[in-house]
Amino acid sequence: MHRTKVRVAEDVLDANATIARANRADFDQAGVRVVNLMSAPGAGKTALLERALAGGLSDELGEVRAGVLEGDVQGSLDAQRLAMLHVPVTQLNTAPGFGGECHLDANMVRSALSALPLGEIDLLVIENVGNLVCPAEFRVGEDARAMVCSVTEGEDKPLKYPLMFRTCDLVLINKIDLLPHLDFSLDALLGNLERIHPGVQHMLVSARTGEGVRAFADWLLARARERTSAGDLAPRQAARAAGTPA
Amino acid sequence: MHELALARSILDAAVRHCDGHRVSRVDVTVGALRQVVPDSLAFNFEVLARATPCEGASLRQHLRPARLRCACGEEWELAEPSFRCPRCDGGQTTVIDGDQLLVESIEIEEAACTAPR
């Protein structure tokens with residue numbers, strides 16, 4: 001018996017990244033832009049989406065149809081809340097059958113592709129499992145990443161979860177209606193955020209009062225209208241802009 | 001917490017490369033920015049490796065400190081969680097080391113060749 005060293009030189013997340021690229025290609029093909037929305041449990045992801053998507057996403061350029069892929073360890077409570085708004089919602093549970101994971105990975109999202117109404121939407125928001133650690137590691141095929149950090153979580157969170165805060169394109173600071181009642185320094189949070197992810201875009205919002213939610217809705221609209229890497233508008237939007245049915 | 005999923009990926013890579021041989025050792029490079037807890041990764045790997053060719057294999061973790069470079073040219077090792085330049089306070093910094101998570105190599109056990117030459 002002798003021992004032989006075998007060179008591997010493989011990124012641990014390569015397998016996930018490969019599937020994420022395949023998802024992205026399928027989303028591009030369907031003309032759907034994808035936002036991965038992450039946060040700790042209870043930060044207000046679902047409540048913000050309810051506020052932002054209620055009444056539809058539209059501006060002077062027209063309407064953008066949004067769908068939601070709802071990731072949860074168990075149950076469909078969030079999906080039921082969003083379905084009340086007549087937003088197409090697909091539930092993805094990570095509980096037994098998927099292994100009860102604390103995050104979504106590219107393969108789980110791939111398994112849900114056939115259930116997604118990609119032909120009817122321009123924008124897919126993937127609401128990840130509430131967790132500030134694992135979801136940051138796993139790309140799922142998204143175009144952009146947003147996270148919610150609520151003021152009840154404390155000012156130190158960017159310092160404790162730098163991977164999450166550094167990986168996001170937008171940080172939504174939620175529950176600002178509670179600021180008068182908390183020993184919480186918004187300046188300290190923003191200072192910590194600036195140390196971890198200098199220059200990252202942030203918005204102050206309250207899902208409860210609706211403050212700042214329009215800015216989030218506008219950000220989603222802008223993501224949905226971003227051109228694909230090939231440079232073309234999403235096909236359905238282009239068809240609408242040209243006045244022809246998609 | 002993410003160590004379970006990472007351990008599974010490391011195990012998958014090792015099993016894919018071992019060609020059915022028993023694996024005695026797996027070497028991984030872990031960047032500080034990956035926020036991996038070494039004991040947790042080792043524990044998860046040990047449990048997941050049971051009844052696979054990696055059962056009992058030692059997982060050697062080589063830790064890499066995080067290094068950043070600023071647009072002003074300054075390079076430094078990240079000692080506290082701040083990605084701003086310590087020299088110019090600029091925010092245009094790039095990570096040049098410490099964000100990797102690589103399976104570098106595995107050591108497999110092979111029966112000595114007894115075939116006549």
# chains A, B, ... in the order shown; residues from 1 in each chain; ligands from 1

call {"tool": "interface_residues", "arguments": {"of": "chain B", "to": "chain A", "cutoff": "6 Å", "atoms": "only C-alpha atoms", "output": "compact mmCIF listing (two decimals) with C-alpha atoms, in the first residue's frame"}}
result
# COMPACT_ATOMS: atom_id res chain seq x y z
CA HIS B 2 -22.50 27.18 6.33
CA SER B 9 -18.85 20.29 -1.48
CA ILE B 10 -15.34 19.42 -0.31
CA PRO B 81 -13.33 44.30 9.80
CA SER B 82 -12.81 47.45 7.78
CA PHE B 83 -12.35 47.55 4.03
CA ARG B 84 -11.32 51.21 3.92
CA GLY B 91 -13.12 52.92 -0.36
CA LEU B 101 -11.97 28.21 -0.65
CA LEU B 102 -10.09 25.57 -2.61
CA VAL B 103 -9.66 21.85 -2.51
CA GLU B 104 -5.95 21.74 -3.33
CA SER B 105 -5.20 18.02 -3.32
CA ILE B 106 -6.13 14.66 -1.90
CA GLU B 107 -3.94 11.76 -0.84
CA ILE B 108 -5.17 8.36 -1.96
CA GLU B 109 -4.10 4.90 -0.88
CA GLU B 110 -3.17 2.49 -3.62
CA ALA B 111 -2.19 -1.16 -3.36
CA ALA B 112 1.48 -1.67 -4.29

call {"tool": "select_by_dssp", "arguments": {"residues": "range 1-146 of chain A", "states": "strand (DSSP E)", "output": "number ranges by chain"}}
result
A: 2-11, 33-39, 57-59, 62-64, 66-72, 89-93, 123-127, 144-146

call {"tool": "residues_around", "arguments": {"residues": "Gly31 in chain B", "least_positions_apart": "2", "cutoff": "10 Å", "atoms": "only C-alpha atoms", "output": "NGL selection string"}}
result
:B and (28-29 or 33-36 or 61-67 or 97-102)

call {"tool": "atom_distance", "arguments": {"atom1": "CA of Leu123 in chain A", "atom2": "CA of Ala95 in chain A"}}
result
26.0 Å

call {"tool": "residues_around", "arguments": {"residues": "Thr152 in chain A", "least_positions_apart": "6", "cutoff": "9 Å", "atoms": "only C-alpha atoms", "output": "list in words"}}
result
Ala43, Asn174, Lys175, Leu178, Leu179, Leu182 and Phe184 of chain A

call {"tool": "write_last_selection", "arguments": {"atoms": "N, CA and C atoms", "output": "PDB file, in the first residue's frame"}}
result
ATOM      1  N   ALA A  43     -36.450  40.205   9.515  1.00  0.00           N
ATOM      2  CA  ALA A  43     -36.003  41.562   9.187  1.00  0.00           C
ATOM      3  C   ALA A  43     -37.041  42.307   8.352  1.00  0.00           C
ATOM      4  N   ASN A 174     -34.546  48.596   7.339  1.00  0.00           N
ATOM      5  CA  ASN A 174     -35.996  48.523   7.563  1.00  0.00           C
ATOM      6  C   ASN A 174     -36.363  48.846   9.011  1.00  0.00           C
ATOM      7  N   LYS A 175     -37.651  49.067   9.212  1.00  0.00           N
ATOM      8  CA  LYS A 175     -38.261  49.336  10.528  1.00  0.00           C
ATOM      9  C   LYS A 175     -37.819  50.685  11.076  1.00  0.00           C
ATOM     10  N   LEU A 178     -39.439  52.588  13.949  1.00  0.00           N
ATOM     11  CA  LEU A 178     -39.185  52.248  15.361  1.00  0.00           C
ATOM     12  C   LEU A 178     -38.045  53.065  15.966  1.00  0.00           C
ATOM     13  N   LEU A 179     -37.334  53.840  15.143  1.00  0.00           N
ATOM     14  CA  LEU A 179     -36.137  54.544  15.630  1.00  0.00           C
ATOM     15  C   LEU A 179     -36.376  55.373  16.899  1.00  0.00           C
ATOM     16  N   LEU A 182     -35.967  53.206  20.089  1.00  0.00           N
ATOM     17  CA  LEU A 182     -34.819  52.310  20.258  1.00  0.00           C
ATOM     18  C   LEU A 182     -33.553  53.065  20.650  1.00  0.00           C
ATOM     19  N   PHE A 184     -30.754  53.008  19.317  1.00  0.00           N
ATOM     20  CA  PHE A 184     -30.088  52.564  18.102  1.00  0.00           C
ATOM     21  C   PHE A 184     -29.545  53.778  17.381  1.00  0.00           C
TER      22      PHE A 184
END

call {"tool": "residues_around", "arguments": {"residues": "Val15 in chain B", "least_positions_apart": "5", "cutoff": "8 Å", "atoms": "only C-alpha atoms", "output": "ChimeraX atom specification"}}
result
/B:20,52-54

call {"tool": "closest_residue", "arguments": {"among": "A:Gly44, A:Arg51, A:Ser76, A:Val213", "to": "Val151 in chain A", "atoms": "only C-alpha atoms"}}
result
A:Gly44

call {"tool": "residues_around", "arguments": {"residues": "range 214-223 of chain A", "least_positions_apart": "5", "cutoff": "12 Å", "atoms": "only C-alpha atoms", "output": "number ranges by chain"}}
result
A: 32-37, 45, 48-67, 122-125, 142-148, 169-174, 201-207, 209, 228, 233-234, 237

call {"tool": "write_last_selection", "arguments": {"atoms": "C-alpha atoms", "output": "PDB file, in the first residue's frame"}}
result
ATOM      1  CA  VAL A  32     -36.368  37.692 -16.827  1.00  0.00           C
ATOM      2  CA  ARG A  33     -34.137  39.710 -14.500  1.00  0.00           C
ATOM      3  CA  VAL A  34     -33.553  38.159 -11.088  1.00  0.00           C
ATOM      4  CA  VAL A  35     -33.008  39.709  -7.659  1.00  0.00           C
ATOM      5  CA  ASN A  36     -31.840  37.604  -4.715  1.00  0.00           C
ATOM      6  CA  LEU A  37     -33.329  39.126  -1.551  1.00  0.00           C
ATOM      7  CA  LYS A  45     -38.278  40.736   3.536  1.00  0.00           C
ATOM      8  CA  LEU A  48     -41.279  44.883   2.173  1.00  0.00           C
ATOM      9  CA  LEU A  49     -42.151  42.833  -0.889  1.00  0.00           C
ATOM     10  CA  GLU A  50     -45.840  43.029  -0.002  1.00  0.00           C
ATOM     11  CA  ARG A  51     -45.569  46.820   0.175  1.00  0.00           C
ATOM     12  CA  ALA A  52     -43.424  47.170  -2.921  1.00  0.00           C
ATOM     13  CA  LEU A  53     -45.451  44.827  -5.141  1.00  0.00           C
ATOM     14  CA  ALA A  54     -48.962  45.748  -3.955  1.00  0.00           C
ATOM     15  CA  GLY A  55     -50.730  47.398  -6.862  1.00  0.00           C
ATOM     16  CA  GLY A  56     -48.048  46.293  -9.300  1.00  0.00           C
ATOM     17  CA  LEU A  57     -44.676  47.669 -10.342  1.00  0.00           C
ATOM     18  CA  SER A  58     -45.013  50.483 -12.833  1.00  0.00           C
ATOM     19  CA  ASP A  59     -43.766  53.907 -13.804  1.00  0.00           C
ATOM     20  CA  GLU A  60     -44.027  56.223 -16.807  1.00  0.00           C
ATOM     21  CA  LEU A  61     -42.322  53.581 -18.952  1.00  0.00           C
ATOM     22  CA  GLY A  62     -45.073  51.093 -18.225  1.00  0.00           C
ATOM     23  CA  GLU A  63     -45.594  48.029 -16.112  1.00  0.00           C
ATOM     24  CA  VAL A  64     -43.100  45.403 -15.067  1.00  0.00           C
ATOM     25  CA  ARG A  65     -44.563  42.069 -14.061  1.00  0.00           C
ATOM     26  CA  ALA A  66     -42.938  40.569 -11.016  1.00  0.00           C
ATOM     27  CA  GLY A  67     -42.992  37.053  -9.657  1.00  0.00           C
ATOM     28  CA  ASP A 122     -40.173  40.314 -16.334  1.00  0.00           C
ATOM     29  CA  LEU A 123     -38.675  40.248 -12.859  1.00  0.00           C
ATOM     30  CA  LEU A 124     -38.208  37.397 -10.411  1.00  0.00           C
ATOM     31  CA  VAL A 125     -37.509  38.179  -6.783  1.00  0.00           C
ATOM     32  CA  GLU A 142     -29.342  36.278  -9.861  1.00  0.00           C
ATOM     33  CA  ASP A 143     -28.522  39.550 -11.617  1.00  0.00           C
ATOM     34  CA  ALA A 144     -28.466  41.571  -8.412  1.00  0.00           C
ATOM     35  CA  ARG A 145     -28.457  41.030  -4.675  1.00  0.00           C
ATOM     36  CA  ALA A 146     -30.348  43.031  -2.094  1.00  0.00           C
ATOM     37  CA  MET A 147     -30.506  42.563   1.640  1.00  0.00           C
ATOM     38  CA  VAL A 148     -32.703  43.831   4.428  1.00  0.00           C
ATOM     39  CA  ASP A 169     -25.770  45.692  -4.338  1.00  0.00           C
ATOM     40  CA  LEU A 170     -28.434  47.280  -2.135  1.00  0.00           C
ATOM     41  CA  VAL A 171     -28.937  47.382   1.638  1.00  0.00           C
ATOM     42  CA  LEU A 172     -32.463  48.154   2.803  1.00  0.00           C
ATOM     43  CA  ILE A 173     -32.524  49.460   6.364  1.00  0.00           C
ATOM     44  CA  ASN A 174     -35.996  48.523   7.563  1.00  0.00           C
ATOM     45  CA  GLN A 201     -26.260  51.842  -2.039  1.00  0.00           C
ATOM     46  CA  HIS A 202     -28.639  51.902   0.922  1.00  0.00           C
ATOM     47  CA  MET A 203     -32.241  52.954   1.521  1.00  0.00           C
ATOM     48  CA  LEU A 204     -34.086  53.780   4.729  1.00  0.00           C
ATOM     49  CA  VAL A 205     -37.470  52.084   4.659  1.00  0.00           C
ATOM     50  CA  SER A 206     -40.408  51.058   6.783  1.00  0.00           C
ATOM     51  CA  ALA A 207     -42.572  48.234   5.543  1.00  0.00           C
ATOM     52  CA  THR A 209     -45.599  52.879   7.251  1.00  0.00           C
ATOM     53  CA  THR A 228     -29.013  41.490 -20.676  1.00  0.00           C
ATOM     54  CA  LEU A 233     -34.200  44.512 -23.616  1.00  0.00           C
ATOM     55  CA  ALA A 234     -36.198  41.711 -22.079  1.00  0.00           C
ATOM     56  CA  GLN A 237     -40.796  44.547 -22.531  1.00  0.00           C
TER      57      GLN A 237
END

call {"tool": "atom_distance", "arguments": {"atom1": "CA of Arg110 in chain A", "atom2": "CA of Arg50 in chain B"}}
result
28.2 Å

call {"tool": "atom_distance", "arguments": {"atom1": "CA of Glu153 in chain A", "atom2": "CA of Ala47 in chain A"}}
result
16.4 Å

call {"tool": "residues_around", "arguments": {"residues": "Val37 in chain B", "least_positions_apart": "4", "cutoff": "10 Å", "atoms": "only C-alpha atoms", "output": "PyMOL selection string"}}
result
chain B and resi 1-3+30+32+41-42

call {"tool": "decode", "arguments": {"residues": "range 146-184 of chain A", "atoms": "N, CA and C atoms", "output": "short mmCIF file (atom, residue, chain, number, x, y, z; two decimals), in the first residue's frame"}}
result
data_model
loop_
_atom_site.label_atom_id
_atom_site.label_comp_id
_atom_site.auth_asym_id
_atom_site.auth_seq_id
_atom_site.Cartn_x
_atom_site.Cartn_y
_atom_site.Cartn_z
N ALA A 146 -29.93 42.02 -3.06
CA ALA A 146 -30.35 43.03 -2.09
C ALA A 146 -30.51 42.37 -0.74
N MET A 147 -30.28 43.12 0.32
CA MET A 147 -30.51 42.56 1.64
C MET A 147 -31.26 43.56 2.50
N VAL A 148 -31.97 43.02 3.47
CA VAL A 148 -32.70 43.83 4.43
C VAL A 148 -32.01 43.71 5.77
N CYS A 149 -31.73 44.85 6.38
CA CYS A 149 -31.16 44.87 7.72
C CYS A 149 -32.07 45.78 8.54
N SER A 150 -32.71 45.24 9.57
CA SER A 150 -33.65 46.08 10.31
C SER A 150 -32.97 46.71 11.51
N VAL A 151 -33.50 47.86 11.93
CA VAL A 151 -32.83 48.62 13.00
C VAL A 151 -32.93 47.91 14.36
N THR A 152 -33.79 46.92 14.46
CA THR A 152 -33.88 46.17 15.73
C THR A 152 -32.76 45.14 15.87
N GLU A 153 -31.97 44.97 14.80
CA GLU A 153 -30.91 43.96 14.84
C GLU A 153 -29.61 44.50 15.45
N GLY A 154 -29.50 45.80 15.60
CA GLY A 154 -28.28 46.38 16.17
C GLY A 154 -27.35 46.94 15.11
N GLU A 155 -26.48 47.86 15.55
CA GLU A 155 -25.63 48.59 14.61
C GLU A 155 -24.44 47.77 14.12
N ASP A 156 -24.13 46.68 14.84
CA ASP A 156 -22.88 45.96 14.60
C ASP A 156 -22.97 44.89 13.51
N LYS A 157 -24.13 44.68 12.94
CA LYS A 157 -24.31 43.54 12.04
C LYS A 157 -23.37 43.54 10.83
N PRO A 158 -23.09 44.69 10.21
CA PRO A 158 -22.13 44.63 9.08
C PRO A 158 -20.77 44.09 9.52
N LEU A 159 -20.36 44.40 10.75
CA LEU A 159 -19.05 43.93 11.22
C LEU A 159 -19.08 42.44 11.50
N LYS A 160 -20.25 41.93 11.90
CA LYS A 160 -20.33 40.50 12.25
C LYS A 160 -20.58 39.61 11.04
N TYR A 161 -21.20 40.16 10.01
CA TYR A 161 -21.52 39.35 8.83
C TYR A 161 -20.99 40.05 7.56
N PRO A 162 -19.68 40.30 7.52
CA PRO A 162 -19.14 41.09 6.39
C PRO A 162 -19.38 40.45 5.04
N LEU A 163 -19.36 39.12 4.98
CA LEU A 163 -19.56 38.45 3.69
C LEU A 163 -20.91 38.84 3.09
N MET A 164 -21.95 38.80 3.91
CA MET A 164 -23.29 39.16 3.44
C MET A 164 -23.35 40.62 3.01
N PHE A 165 -22.85 41.50 3.86
CA PHE A 165 -22.96 42.92 3.55
C PHE A 165 -22.11 43.31 2.34
N ARG A 166 -20.99 42.60 2.13
CA ARG A 166 -20.13 42.94 1.01
C ARG A 166 -20.65 42.41 -0.32
N THR A 167 -21.50 41.41 -0.26
CA THR A 167 -21.93 40.74 -1.47
C THR A 167 -23.18 41.38 -2.08
N CYS A 168 -23.78 42.36 -1.36
CA CYS A 168 -25.05 42.93 -1.82
C CYS A 168 -24.86 44.24 -2.58
N ASP A 169 -25.78 44.46 -3.55
CA ASP A 169 -25.77 45.69 -4.34
C ASP A 169 -26.63 46.77 -3.68
N LEU A 170 -27.53 46.33 -2.81
CA LEU A 170 -28.43 47.28 -2.13
C LEU A 170 -28.68 46.79 -0.72
N VAL A 171 -28.60 47.71 0.24
CA VAL A 171 -28.94 47.38 1.64
C VAL A 171 -30.16 48.20 2.04
N LEU A 172 -31.24 47.50 2.36
CA LEU A 172 -32.46 48.15 2.80
C LEU A 172 -32.47 48.18 4.32
N ILE A 173 -32.51 49.36 4.91
CA ILE A 173 -32.52 49.46 6.36
C ILE A 173 -33.98 49.66 6.78
N ASN A 174 -34.55 48.60 7.34
CA ASN A 174 -36.00 48.52 7.56
C ASN A 174 -36.36 48.85 9.01
N LYS A 175 -37.65 49.07 9.21
CA LYS A 175 -38.26 49.34 10.53
C LYS A 175 -37.82 50.68 11.08
N ILE A 176 -37.56 51.66 10.19
CA ILE A 176 -37.09 52.96 10.69
C ILE A 176 -38.18 53.69 11.46
N ASP A 177 -39.44 53.24 11.33
CA ASP A 177 -40.51 53.84 12.15
C ASP A 177 -40.28 53.58 13.64
N LEU A 178 -39.44 52.59 13.95
CA LEU A 178 -39.18 52.25 15.36
C LEU A 178 -38.04 53.06 15.97
N LEU A 179 -37.33 53.84 15.14
CA LEU A 179 -36.14 54.54 15.63
C LEU A 179 -36.38 55.37 16.90
N PRO A 180 -37.51 56.09 17.01
CA PRO A 180 -37.70 56.91 18.22
C PRO A 180 -37.78 56.07 19.51
N HIS A 181 -38.05 54.78 19.36
CA HIS A 181 -38.26 53.93 20.54
C HIS A 181 -37.04 53.09 20.89
N LEU A 182 -35.97 53.21 20.09
CA LEU A 182 -34.82 52.31 20.26
C LEU A 182 -33.55 53.07 20.65
N ASP A 183 -32.69 52.39 21.39
CA ASP A 183 -31.34 52.92 21.61
C ASP A 183 -30.48 52.46 20.45
N PHE A 184 -30.75 53.01 19.32
CA PHE A 184 -30.09 52.56 18.10
C PHE A 184 -29.55 53.78 17.38
#
